[in-house]
There are 4 protein chains.
Amino acid sequence: MIKAGIIGASGYTGSELLRWLGQHPQVKVEFLSSRTLGGKKLADVHPQWAGWAPWSYEPQDLAAMARRCDVVFAAVPNGASMELARTFVEADCYYIDLSADFRLRDIKVYEQWYKQAHTAPDLNAKAAYGLPELFREEIKKAKLIGKPGCFPTGALLALAPLAAHKLIDMSQIIINAMTGVSGAGATPKPNFHFPHCTENVQAYATVGHRHTPEIEQGLQLLSGSGAVQVTFIPHLVPMSRGILTTVVCRPLADDWTTAALIDLFRQYYAGEPFVVVLGEDRLPQTKAVAGSNFCHVTVRYDRRVGRIIVQSALDNLVKGSSGQAVQSMNALFGLPETEGLMVPGLLP
Amino acid sequence: MIKAGIIGASGYTGSELLRWLGQHPQVKVEFLSSRTLGGKKLADVHPQWAGWAPWSYEPQDLAAMARRCDVVFAAVPNGASMELARTFVEADCYYIDLSADFRLRDIKVYEQWYKQAHTAPDLNAKAAYGLPELFREEIKKAKLIGKPGCFPTGALLALAPLAAHKLIDMSQIIINAMTGVSGAGATPKPNFHFPHCTENVQAYATVGHRHTPEIEQGLQLLSGSGAVQVTFIPHLVPMSRGILTTVVCRPLADDWTTAALIDLFRQYYAGEPFVVVLGEDRLPQTKAVAGSNFCHVTVRYDRRVGRIIVQSALDNLVKGSSGQAVQSMNALFGLPETEGLMVPGLLP
Amino acid sequence: MIKAGIIGASGYTGSELLRWLGQHPQVKVEFLSSRTLGGKKLADVHPQWAGWAPWSYEPQDLAAMARRCDVVFAAVPNGASMELARTFVEADCYYIDLSADFRLRDIKVYEQWYKQAHTAPDLNAKAAYGLPELFREEIKKAKLIGKPGCFPTGALLALAPLAAHKLIDMSQIIINAMTGVSGAGATPKPNFHFPHCTENVQAYATVGHRHTPEIEQGLQLLSGSGAVQVTFIPHLVPMSRGILTTVVCRPLADDWTTAALIDLFRQYYAGEPFVVVLGEDRLPQTKAVAGSNFCHVTVRYDRRVGRIIVQSALDNLVKGSSGQAVQSMNALFGLPETEGLMVPGLLP
Amino acid sequence: MIKAGIIGASGYTGSELLRWLGQHPQVKVEFLSSRTLGGKKLADVHPQWAGWAPWSYEPQDLAAMARRCDVVFAAVPNGASMELARTFVEADCYYIDLSADFRLRDIKVYEQWYKQAHTAPDLNAKAAYGLPELFREEIKKAKLIGKPGCFPTGALLALAPLAAHKLIDMSQIIINAMTGVSGAGATPKPNFHFPHCTENVQAYATVGHRHTPEIEQGLQLLSGSGAVQVTFIPHLVPMSRGILTTVVCRPLADDWTTAALIDLFRQYYAGEPFVVVLGEDRLPQTKAVAGSNFCHVTVRYDRRVGRIIVQSALDNLVKGSSGQAVQSMNALFGLPETEGLMVPGLLP
């Protein structure tokens with residue numbers, strides 16, 4: 001059994017990690033830590049565990065954690081994780097980071113977009129980008145995983161087949177995403193107050209969302225192109241879970257058909273259990289993947305204007321976060337990536 | 001492995017049965033039948049299965065089904081199941097009915113509330129009422145199970161400790177329930193049209209809802225009282241899943257405290273994995289059990305007016321329907337009742 | 001023109017008052033005050049006014065307000081209003097209070113349920129209970145109005161015809177209410193955080209909600225009975241606006257019919273423009289009155305169990321709050337009560 | 001008083017027209033017609049009118065309508081309106097069409113996108129495009145108005161300042177829109193069934209939505225460019241009302257700032273009461289305009305990638321439909337366009 005720990009299990013990400021690790025046939029959750037909730041029971045914070053959760057929060061003791069665990073998942077704020085990672089890496093304990101601290105290869109890009117110094121460039125240089133469908137070999141060799149952001153996961157899975165085959169103009173990519181409100185975390189704020197949020201749609205960070213450079217980095221790695229430039233606009237929609245991503249781009253050739261594009265996507269994702277390419281008769285919808293680690297993708301060619309439209313749907317807390325982290329753990333430990341993760345979306 | 005079949009797998013109940021049976025370590029789903037969808041793939045109807053569901057709908061061939069299966073779940077309309085059951089019972093195949101046809105012991109009560117003749121009174125006489133926490137021994141001996149209605153499950157689990165201990169006036173029980181819209185099924189109708197339903201609350205069937213006699217029957221069996229008379233009022237609230245039930249009743253003694261009542265409930269449900277009695281600091285909420293087979297219950301004593309308030313929360317499609325049916329199957333086959341069912345509620 | 005002022009216009013109640021007063025043909029809104037927002041524009045806080053609101057927040061200067069206004073609406077917290085009222089009453093300026101400070105005639109009841117001393121018993125003795133359909137004559141003679149709570153408005157309009165005609169057992173009244181989340185105000189809190197609140201139903205304050213004594217007071221005044229005792233249980237449902245109230249009670253006679261009860265209600269509310277009694281073919285729903293000052297009511301007799309069920313639907317921010325306050329102002333100033341208030345519910 | 005009639009008042013558009021016309025100080029609603037509801041009361045179909053609506057549905061008698069009315073609003077399906085219009089135009093009765101039949105100047109474009117013959121090209125040639133902010137002079141001279149589609153209204157109000165000043169590359173315009181479900185009408189269908197629709201986001205008609213040529217026509221008229229080509233992708237989000245439109249385009253110059261763009265928009269819309277240009281500190285949100293005739297717009301320049309992002313928010317049933325039709329009527333009859341329409345958005 002893999003002995004696993006979760007640092008910062010008070011929020012949605014931590015609770016969702018427990019949903020997967022707690023059911024995983026090869027994992028024993030050894031401890032949960034929280035700086036503020038030490039001593040409390042899990043069910044006091046997350047009522048879905050009332051009556052059966054065996055776990056309580058322990059105060060944070062990094063050295064003890066590193067001794068007791070084979071792998072640690074860190075669900076802490078951006079900037080806090082780079083400090084924590086060293087203890088675990090040096091103790092030869094796998095470290096899977098759900099913050100943004102180990103996602104960007106270029107420290108300067110991190111510092112520019114996240115407005116803070118990166119204090120662990122040596123660790124960052126060794127980190128793998130934990131999107132198994134696209135960077136599997138890198139993950140298998142790493143000790144430290146930077147789990148991708150929720151939006152980059154949706155955007156990169158949508159664009160990877162086109163980027164990898166160098167089929168599109170990499171400087172003309174427009175990405176609009178619609179996210180559920182759980183992506184903003186568990187802390188109450190005016191914009192996420194139910195009476196304001198229900199029956200409301202609005203964009204945020206229309207210019208300069210921090211996931212933009214992460215999307216561009218992924219596309220550069222996939223395409224080998226240095227001229228990647230995307231516009232990325234996130235929107236908040238009145239639902240709890242899910243991200244729908246709509247990409248518009250321009251193919252280099254003009255003789256595409258929707259059928260040919262779907263074939264291309266199906267070949268690219270052949271053998272991938274979690275990426276499902278839908279056919280011409282169906283479009284991705286977030287509820288079909290809610291609560292699951294699946295990502296539904298499809299593609300259309302609009303011959304009239306010569307543009308390709310790709311869409312993907314995923315659950316921001318699962319394939320966009322905790323599920324993907326567990327999938328990476330499976331890869332790290334040589335398990336089938338599906339282990340403990342094959343659950344259908346909760347529809348209706 | 002238990003070989004299982006599902007009759008009528010086109011709706012929400014059938015899809016939800018697959019969510020549980022498809023993951024169950026001791027079950028192989030042998031076939032799905034549908035009168036109208038024969039030949040279609042499951043994922044054509046339920047998109048959460050796209051990419052990995054091994055199942056297609058077969059046309060309905062009762063004799064073949066009875067040969068191939070150890071147990072059949074019937075998710076067909078009221079009135080249709082009583083006809084189907086005989087084939088399976090005679091072929092020695094367990095039959096778990098999710099309609100209302102085998103829930104009421106008194107055929108006359110059925111005919112009065114459901115406005116149709118009951119054509120299988122002999123089978124009805126042998127059916128067990130499939131609410132394991134309250135009628136476990138009966139279930140274990142049966143070949144034919146009438147799965148309880150969603151509202152009766154919530155009301156009976158709330159009232160059972162009080163009724164069984166004969167602590168309340170059985171003629172003064174007021175039950176209000178709030179249900180998600182999935183309880184109305186998958187067929188579009190004006191009242192369930194999104195623009196009408198969102199941001200709206202309304203009652204329906206304020207007098208004479210068909211689950212009323214089923215609640216009264218359960219309370220009579222539990223209390224031994226012949227004077228049971230409940231008022232039951234269901235309300236439609238803008239969510240997909242969940243039932244919150246609020247019961248107000250009058251204790252026969254006036255020296256109760258909330259703490260004593262909670263103790264009583266905890267003792268009554270000791271050892272029951274799916275019924276969780278919450279303490280004085282927390283109230284049941286539907287989202288904490290959404291997608292799960294748990295039922296959260298708590299109780300309060302209002303000394304000022306001398307009344308007891310009991311509340312329960314469950315997912316109408318799981319503990320109120322398919323999950324409870326699988327729990328009964330576990331009991332029938334001598335498995336732990338939790339087998340394949342220990343999944344936390346999907347919160348947030 | 002009536003010169004009106006609003007104290008505490010930062011929250012939902014204040015903004016809703018502006019929606020009505022700003023459109024009212026006989027009213028000029030003279031000022032908005034706020035302790036914290038002085039100098040800000042209304043549209044900075046309430047974006048629905050962007051581009052056309054003529055108002056800014058002024059700092060709170062009670063004496064100046066009293067000079068400049070004919071009537072002041074106070075949307076301040078419980079406990080804060082009793083202090084403010086005196087300045088206005090002494091300056092001969094009408095004072096319409098939207099807090100709970102002037103709703104309860106018996107100061108001891110106020111102090112017991114609100115856990116604070118009442119420092120203005122002399123003013124309280126002169127205050128009218130601002131529910132025009134039930135206490136119109138009292139309102140017309142008052143200088144100081146205590147606007148009823150949102151739940152008491154729904155409960156009292158549902159029960160008034162039965163109480164006033166002494167037709168029911170006043171000691172056996174069970175009231176369940178389902179409210180939208182705007183009733184909790186504009187301040188973000190964990191229970192009202194969108195991801196937690198959406199697709200969720202829960203009760204709160206199942207025993208001892210502060211609106212209980214206000215409901216009982218109203219029923220005592222209407223019925224003349226000293227033995228009134230109600231159970232009142234509020235539930236939070238995932239919508240922004242609206243309260244549906246379901247009352248179960250026991251008639252003293254057993255020869256009622258639903259038709260006779262509906263007739264009784266229609267006679268009782270004949271001539272009342274805002275209380276609409278629905279017939280046997282329709283039930284109240286909150287969305288039909290959302291954004292409007294209407295209250296829909298209907299009644300059923302359940303002969304089988306000898307109980308009466310009454311339901312009402314209203315918008316907690318309008319008929320349950322600001323709209324009712326404006327209706328009272330109309331009565332105070334001798335205007336038709338409908339002036340500025342005849343707007344249909346926003347459906348869909 | 002203007003005597004007005006509504007043809008096809010059974011759906012959301014008709015009911016919404018009544019909300020505005022019924023309150024309009026210069027209008028008397030002379031009749032409602034419906035092919036299927038003749039004889040029924042309005043409140044039997046639209047419960048928000050229970051208790052006070054003076055109207056009943058009359059059977060459809062075109063000649064009588066034309067005699068009795070000064071203006072008729074037609075809320076009938078695409079294809080049905082072109083037949084009806086002639087009677088009214090010939091009788092010198094203004095005809096405001098809410099279908100798509102008189103929106104496209106080029107009959108061939110209509111026939112290609114709507115897949116049906118246009119049988120009234122002579123009338124179409126005389127119709128004005130009823131978007132007052134952009135085509136006011138044309139409207140004032142017309143007898144027949146084609147009310148714009150909901151999506152084109154949002155897209156054109158967002159793009160008009162840039163198109164009219166010829167500031168952008170008209171061949172590189174990407175428009176994503178997110179609409180509430182009321183845009184799909186009042187007829188229940190599986191995709192709009194509450195349990196499927198809640199907590200779900202999906203696109204539809206990703207290629208070839210019928211509003212695309214209408215957007216392109218408007219942009220050609222505004223810019224004078226013949227090379228307009230847009231990609232338009234609509235998404236269904238779980239709310240009843242509202243459209244948020246996000247446009248990405250490329251300016252011809254590269255020295256823009258967000259502040260300069262906002263100034264440009266403010267100058268362009270100076271004096272327009274219903275188009276509100278938000279500043280750098282705020283983004284449009286649908287709930288701020290829900291139930292109102294306002295359209296909130298703002299614009300950003302993304303210097304890094306050299307693209308402009310414009311967003312607009314409106315209520316699809318008001319500024320996107322009935323409110324805009326009433327605004328056009330005001331223009332036709334020489335009234336202030338705001339007459340009867342100055343109502344703030346219903347927030348929260």
# chains A, B, ... in the order shown; residues from 1 in each chain; ligands from 1
$ residues_around --residues "Thr257 (chain C)" --least-positions-apart "2" --cutoff "10 Å" --atoms "only C-alpha atoms" --output "ChimeraX atom specification"
/C:254-255,259-263,299-303,308
$ write_last_selection --atoms "N, CA and C atoms" --output "short mmCIF file (atom, residue, chain, number, x, y, z; two decimals), in the first residue's frame"
data_model
loop_
_atom_site.label_atom_id
_atom_site.label_comp_id
_atom_site.auth_asym_id
_atom_site.auth_seq_id
_atom_site.Cartn_x
_atom_site.Cartn_y
_atom_site.Cartn_z
N ASP C 254 -65.65 19.90 11.17
CA ASP C 254 -65.12 18.88 10.25
C ASP C 254 -65.91 18.79 8.96
N ASP C 255 -66.69 19.83 8.66
CA ASP C 255 -67.51 19.75 7.44
C ASP C 255 -67.02 20.73 6.37
N ALA C 259 -63.44 24.08 -1.62
CA ALA C 259 -64.14 25.18 -2.29
C ALA C 259 -64.65 26.20 -1.28
N ALA C 260 -65.19 25.73 -0.18
CA ALA C 260 -65.72 26.66 0.83
C ALA C 260 -64.60 27.48 1.46
N LEU C 261 -63.46 26.85 1.67
CA LEU C 261 -62.34 27.59 2.25
C LEU C 261 -61.83 28.65 1.28
N ILE C 262 -61.73 28.28 0.00
CA ILE C 262 -61.27 29.27 -0.98
C ILE C 262 -62.23 30.45 -1.02
N ASP C 263 -63.54 30.17 -0.97
CA ASP C 263 -64.52 31.25 -0.92
C ASP C 263 -64.29 32.16 0.28
N VAL C 299 -55.64 27.55 -0.30
CA VAL C 299 -55.98 26.73 0.86
C VAL C 299 -56.62 25.42 0.39
N ARG C 300 -56.36 24.35 1.12
CA ARG C 300 -56.95 23.05 0.80
C ARG C 300 -57.48 22.41 2.08
N TYR C 301 -58.52 21.61 1.93
CA TYR C 301 -58.99 20.81 3.07
C TYR C 301 -58.69 19.35 2.79
N ASP C 302 -58.00 18.71 3.71
CA ASP C 302 -57.71 17.28 3.57
C ASP C 302 -58.70 16.53 4.45
N ARG C 303 -59.80 16.11 3.83
CA ARG C 303 -60.88 15.50 4.59
C ARG C 303 -60.44 14.23 5.31
N ILE C 308 -56.37 21.41 7.56
CA ILE C 308 -56.34 22.45 6.53
C ILE C 308 -54.88 22.76 6.20
#
$ closest_atom_pairs --of "chain A" --to "chain B" --cutoff "6 Å" --atoms "only C-alpha atoms" --output "CSV"
residue,atom,partner,partner_atom,distance
A:Pro47,CA,B:Ala288,CA,5.7
A:Gln48,CA,B:Ala288,CA,4.4
A:Gly51,CA,B:Val276,CA,5.4
A:Val276,CA,B:Gly51,CA,5.5
A:Ala288,CA,B:Gln48,CA,4.4
A:Pro344,CA,B:Gln48,CA,5.7
A:Gly345,CA,B:Gln48,CA,5.0
$ residues_around --residues "Met65 (chain D)" --least-positions-apart "3" --cutoff "8 Å" --atoms "only C-alpha atoms" --output "ChimeraX atom specification"
/D:5,31,61-62,68-69
$ closest_residue --among "B:Pro195, B:Val109, B:Asp101, B:His235" --to "Thr179 (chain D)" --atoms "only C-alpha atoms"
B:Pro195
$ select_by_dssp --residues "region 40-200 of chain D" --states "strand (DSSP E or B)" --output "PyMOL selection string"
chain D and resi 41+56-58+71-74+94-97+128-129+144-146+168+173-179+193
$ residues_around --residues "Gln172 (chain D)" --least-positions-apart "4" --cutoff "9 Å" --atoms "only C-alpha atoms" --output "list in words"
Ile168, Val228, Gln229, Val230, Thr231, Val248, Cys249 and Arg250 of chain D
$ residues_around --residues "Cys197 (chain C)" --least-positions-apart "6" --cutoff "7 Å" --atoms "only C-alpha atoms" --output "PDB file with N, CA and C atoms, in the first residue's frame"
ATOM      1  N   PHE A 194     -24.148  33.583  -2.815  1.00  0.00           N
ATOM      2  CA  PHE A 194     -25.182  32.954  -3.628  1.00  0.00           C
ATOM      3  C   PHE A 194     -26.143  33.938  -4.298  1.00  0.00           C
TER       4      PHE A 194
ATOM      5  N   ASN C 191     -22.183  29.488   4.762  1.00  0.00           N
ATOM      6  CA  ASN C 191     -23.439  28.814   4.390  1.00  0.00           C
ATOM      7  C   ASN C 191     -24.086  29.391   3.136  1.00  0.00           C
ATOM      8  N   PRO C 238     -32.030  26.855  -2.708  1.00  0.00           N
ATOM      9  CA  PRO C 238     -31.085  27.513  -3.624  1.00  0.00           C
ATOM     10  C   PRO C 238     -31.740  28.425  -4.653  1.00  0.00           C
TER      11      PRO C 238
END
$ residues_around --residues "Lys41 (chain D)" --least-positions-apart "6" --cutoff "9 Å" --atoms "only C-alpha atoms" --output "number ranges by chain"
D: 53-57
$ write_last_selection --atoms "C-alpha atoms" --output "compact mmCIF listing (two decimals), in the first residue's frame"
# COMPACT_ATOMS: atom_id res chain seq x y z
CA ALA D 53 -54.53 41.17 -15.51
CA PRO D 54 -57.41 42.68 -17.48
CA TRP D 55 -56.60 40.60 -20.56
CA SER D 56 -57.83 37.40 -22.16
CA TYR D 57 -56.65 35.75 -25.36
$ select_by_dssp --residues "region 248-309 of chain D" --states "alpha helix (DSSP H)" --output "JSON, numbers by chain"
{"D": [258, 259, 260, 261, 262, 263, 264, 265, 266, 267, 268]}
$ atom_distance --atom1 "CA of Val71 (chain A)" --atom2 "CA of Gly334 (chain A)"
13.5 Å
$ closest_residue --among "A:Ala164, A:Ala85, A:Leu17, A:Ile7" --to "Gly38 (chain A)" --atoms "only C-alpha atoms"
A:Ile7
